[in-house]
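Next comes work-v3.txt, a file with compact mmCIF, C-alpha atoms.
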# COMPACT_ATOMS: atom_id res chain seq x y z
CA MET O 1 127.94 149.62 92.47
CA PRO O 2 127.76 150.23 96.21
CA ARG O 3 125.82 153.41 95.51
CA LEU O 4 123.12 151.48 93.64
CA CYS O 5 122.62 149.16 96.59
CA LEU O 6 122.29 152.12 98.88
CA LEU O 7 119.80 153.81 96.60
CA ALA O 8 117.66 150.71 96.45
CA THR O 9 117.02 151.00 100.16
CA LEU O 10 115.94 154.62 100.01
CA THR O 11 112.30 155.63 99.84
CA PRO O 12 110.93 156.85 96.48
CA HIS O 13 110.80 160.46 97.75
CA ARG O 14 114.49 160.48 98.61
CA ARG O 15 115.39 158.74 95.35
CA GLU O 16 113.79 161.54 93.39
CA ASN O 17 115.91 164.07 95.25
CA MET O 18 119.14 162.12 94.80
CA THR O 19 120.08 161.74 91.19
CA SER O 20 123.32 161.07 89.48
CA THR O 21 124.47 161.14 85.92
CA HIS O 22 123.99 157.37 85.62
CA GLU O 23 120.51 157.17 87.04
CA SER O 24 117.11 158.45 86.11
CA PRO O 25 114.47 158.99 88.73
CA GLU O 26 112.06 156.11 89.06
CA THR O 27 108.38 156.61 89.12
CA PRO O 28 106.36 154.27 91.25
CA GLU O 29 104.27 151.80 89.31
CA SER O 30 100.66 152.61 89.08
CA PRO O 31 98.06 149.95 89.79
CA GLU O 32 97.25 149.85 86.07
CA THR O 33 100.82 148.86 85.17
CA THR O 34 101.19 146.21 87.88
CA PRO O 35 100.89 142.77 86.26
CA LYS O 36 97.98 140.67 87.46
CA ILE O 37 98.56 137.10 88.55
CA GLU O 38 95.98 134.68 87.28
CA ILE O 39 95.66 131.24 88.83
CA ASP O 40 93.57 128.76 86.94
CA SER O 41 91.75 125.85 88.56
CA ASP O 42 93.80 123.25 86.60
CA TRP O 43 96.93 124.39 88.34
CA LYS O 44 95.24 124.07 91.72
CA ALA O 45 94.05 120.55 90.91
CA GLU O 46 97.52 119.54 89.74
CA ALA O 47 99.08 120.95 92.91
CA GLN O 48 96.57 119.08 95.07
CA ALA O 49 97.18 115.82 93.18
CA GLU O 50 100.93 116.26 93.60
CA LYS O 51 100.47 116.93 97.31
CA GLU O 52 98.41 113.75 97.69
CA LYS O 53 100.98 111.75 95.74
CA LEU O 54 103.76 113.00 98.05
CA ALA O 55 101.70 112.14 101.13
CA GLN O 56 101.17 108.59 99.83
CA ALA O 57 104.89 108.23 99.11
CA GLU O 58 105.75 109.41 102.63
CA GLN O 59 103.27 106.94 104.09
CA LYS O 60 104.85 104.06 102.13
CA VAL O 61 108.30 105.04 103.36
CA GLU O 62 107.04 105.08 106.95
CA GLU O 63 105.37 101.66 106.51
CA ARG O 64 108.58 100.18 105.11
CA ALA O 65 110.58 101.62 107.99
CA GLU O 66 108.08 100.15 110.46
CA ALA O 67 108.32 96.73 108.76
CA ARG O 68 112.10 96.77 109.04
CA LYS O 69 112.01 97.86 112.64
CA VAL O 70 113.88 95.51 114.94
CA PRO O 71 111.63 94.06 117.62
CA GLU O 72 112.15 95.02 121.22
CA ALA O 73 114.93 93.10 122.96
CA ASP O 74 113.26 90.97 125.60
CA PHE O 75 113.32 87.45 127.02
CA ARG O 76 110.98 86.08 124.37
CA GLY O 77 113.24 87.55 121.65
CA LEU O 78 116.28 85.88 123.21
CA LEU O 79 114.51 82.52 123.25
CA GLY O 80 113.35 82.99 119.67
CA ALA O 81 116.88 83.75 118.46
CA LEU O 82 118.32 80.73 120.25
CA ALA O 83 115.51 78.47 119.03
CA SER O 84 116.01 79.63 115.42
CA GLN O 85 119.69 78.86 115.64
CA ALA O 86 119.02 75.40 117.06
CA LEU O 87 116.37 74.62 114.43
CA MET O 88 118.68 75.66 111.61
CA GLY O 89 121.26 73.21 112.94
CA LEU O 90 118.58 70.53 113.02
CA GLY O 91 117.91 70.80 109.31
CA MET O 92 115.44 73.62 108.88
CA HIS O 93 117.83 75.14 106.35
CA GLN O 94 118.01 73.64 102.88
CA ASP O 95 121.45 73.08 101.43
CA PRO O 96 122.36 75.28 98.44
CA SER O 97 121.98 72.45 95.91
CA GLY O 98 118.35 72.00 96.94
CA LYS O 99 118.78 68.21 97.24
CA GLY O 100 118.67 67.97 101.03
CA VAL O 101 118.91 69.81 104.28
CA MET O 102 121.93 70.95 106.21
CA VAL O 103 122.28 69.35 109.62
CA ASP O 104 124.73 70.50 112.28
CA LEU O 105 124.13 68.30 115.30
CA GLU O 106 127.05 69.68 117.30
CA GLY O 107 126.00 73.28 116.75
CA SER O 108 122.36 72.63 117.55
CA LYS O 109 123.31 70.63 120.67
CA PHE O 110 125.40 73.59 121.84
CA VAL O 111 122.50 76.02 121.40
CA ILE O 112 120.05 73.65 123.09
CA ASP O 113 122.49 73.34 125.98
CA LEU O 114 122.67 77.15 126.15
CA ILE O 115 118.88 77.22 126.49
CA GLY O 116 119.28 74.73 129.36
CA VAL O 117 121.79 77.08 131.00
CA VAL O 118 119.34 79.98 130.61
CA GLU O 119 116.64 77.85 132.24
CA GLU O 120 118.91 76.95 135.13
CA LYS O 121 120.23 80.49 135.71
CA THR O 122 116.82 82.17 135.53
CA LYS O 123 115.04 79.76 137.86
CA GLY O 124 112.84 81.77 140.21
CA ASN O 125 113.31 85.02 138.26
CA LEU O 126 110.79 84.44 135.46
CA SER O 127 107.08 84.98 135.27
CA GLU O 128 104.97 81.84 135.12
CA GLU O 129 104.33 82.40 131.42
CA GLU O 130 108.04 82.85 130.63
CA GLU O 131 108.95 79.77 132.65
CA THR O 132 106.35 77.67 130.81
CA GLU O 133 107.54 78.90 127.41
CA LEU O 134 111.16 78.18 128.29
CA LYS O 135 110.41 74.64 129.50
CA GLN O 136 108.28 73.86 126.42
CA LEU O 137 110.93 75.21 124.06
CA TYR O 138 113.73 73.31 125.78
CA THR O 139 111.78 70.04 125.77
CA GLU O 140 110.65 70.40 122.14
CA LEU O 141 114.17 71.16 120.94
CA GLN O 142 115.59 68.20 122.87
CA ASN O 143 112.97 65.88 121.33
CA ARG O 144 113.62 67.27 117.85
CA PHE O 145 117.37 66.79 118.38
CA VAL O 146 116.84 63.12 119.25
CA GLN O 147 114.65 62.59 116.15
CA ILE O 148 117.16 64.21 113.80
CA ALA O 149 120.11 62.41 115.41
CA GLN O 150 118.29 59.10 114.85
CA LEU O 151 117.61 59.99 111.19
CA VAL O 152 121.24 60.92 110.65
CA ALA O 153 122.40 57.68 112.30
CA ALA O 154 119.99 55.64 110.14
CA GLN O 155 121.26 57.45 107.05
CA ALA O 156 124.86 56.73 108.01
CA GLN O 157 124.02 53.01 108.38
CA GLY O 158 122.30 52.97 105.00
CA GLY O 159 118.71 52.94 106.24
CA VAL O 160 117.85 56.22 104.51
CA PRO O 161 119.39 56.88 101.09
CA THR O 162 121.31 60.04 100.41
CA PRO O 163 121.11 61.80 97.06
CA ASP O 164 124.57 60.36 96.26
CA MET O 165 123.49 56.76 97.01
CA GLY O 166 120.44 56.79 94.73
CA GLU O 167 116.85 56.18 95.70
CA SER O 168 115.03 53.01 96.58
CA ALA O 169 111.34 52.68 95.73
CA GLY O 170 109.20 54.99 97.83
CA ALA O 171 112.06 56.21 100.08
CA PRO O 172 112.59 59.95 100.30
CA SER O 173 115.88 61.39 99.12
CA ILE O 174 115.68 64.33 101.48
CA ILE O 175 115.72 64.08 105.23
CA ASP O 176 112.58 65.82 106.41
CA PRO O 177 113.24 67.12 109.93
CA THR O 178 109.59 67.98 110.43
CA VAL O 179 108.51 64.34 110.52

Could you rewrite the structure in this file as structure tokens?
Amino acid sequence: MPRLCLLATLTPHRRENMTSTHESPETPESPETTPKIEIDSDWKAEAQAEKEKLAQAEQKVEERAEARKVPEADFRGLLGALASQALMGLGMHQDPSGKGVMVDLEGSKFVIDLIGVVEEKTKGNLSEEEETELKQLYTELQNRFVQIAQLVAAQAQGGVPTPDMGESAGAPSIIDPTV
């Protein structure tokens, strides 16, 4: 076996001179005996279509990756995350039964207070735009908190029916925090 590998690397002239009992001298292939490769246009069209299909698939993958990309961490992102948490506690999240909204006044008050701490600690270090956004957000969340706290208190006193208490004519059975 090793001898065959060695012979394969020799030139045709040397192979003719070196023969063994197991080998016959090879004659180089003439151009007439070399098989011709034929490429039809259908194959080319199919290859091009496949190439385009792969390019489209790659583009879709890139678009999905871009859509899932986490936004840049900045001050506006911090405020957005805190505001989302506060709004969820104020009833922006529907309870699993679908009959009402989940309200967590203590949790939302904590997050709103955190936004107040951020406002206090960043005083003088924000751009005018950031300072305006922070003040507006803090004020809006405080006002929303008061509205929802009043609705919850009215519900506790029987002014707004709960799904368990039944409905009176024209009264909503779900607390709508957007009112």

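Residues in contact range of Ala149 in chain O, defined as at most 12 Å between only C-alpha atoms, with sequence neighbours fewer than 3 positions away removed, read O:Gly89, O:Leu90, O:Gly91, O:Val103, O:Asp104, O:Leu105, O:Glu106, O:Ser108, O:Lys109, O:Leu141, O:Gln142, O:Asn143, O:Arg144, O:Phe145, O:Val146, O:Val152, O:Ala153, O:Ala154, O:Gln155, O:Ala156, O:Ile175, O:Pro177.
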
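Nearest to Val111 in chain O of all the residues O:Asn125, O:Thr132, O:Lys51, O:Met88 is O:Met88, counting all atoms listed in the file.
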
Long-range neighbours of Val117 in chain O as a PDB file with C-alpha atoms, in the coordinates of the input, 12 Å cut-off, only C-alpha atoms, 6 positions minimum in chain:
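The result, written out as result.pdb:
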ATOM      1  CA  LEU O  79     114.510  82.520 123.250  1.00  0.00           C
ATOM      2  CA  LEU O  82     118.320  80.730 120.250  1.00  0.00           C
ATOM      3  CA  PHE O 110     125.400  73.590 121.840  1.00  0.00           C
ATOM      4  CA  VAL O 111     122.500  76.020 121.400  1.00  0.00           C
ATOM      5  CA  LYS O 123     115.040  79.760 137.860  1.00  0.00           C
ATOM      6  CA  LEU O 134     111.160  78.180 128.290  1.00  0.00           C
ATOM      7  CA  LYS O 135     110.410  74.640 129.500  1.00  0.00           C
ATOM      8  CA  TYR O 138     113.730  73.310 125.780  1.00  0.00           C
TER       9      TYR O 138
END

What is the distance, in Å and to one decimal place, between CA of Ile112 in chain O and CA of Ala86 in chain O?
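Computed distance, CA of Ile112 in chain O to CA of Ala86 in chain O, equals 6.4 Å.
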
To one decimal in Å, tell me the separation between CA of Val61 in chain O and CA of Asp74 in chain O.
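Taking CA of Val61 in chain O as the start and CA of Asp74 in chain O as the end point, the length is 26.8 Å.
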
Which residue is closest to Ser84 in chain O? Choose from O:Gly124, O:Glu58, O:Arg68, O:Leu137 and count only C-alpha atoms.
O:Leu137

Just to confirm, what's the straight-line distance from CA of Gly100 in chain O to CA of Leu87 in chain O in Å (one decimal)?
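Computing it gives 15.1 Å between the two atoms.
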
So which one's closest to Thr139 in chain O, O:Thr122, O:Asp113, O:Val70, O:Glu63? Using only C-alpha atoms, please.
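Looking at the shortest contact to Thr139 in chain O, the residue is O:Asp113.
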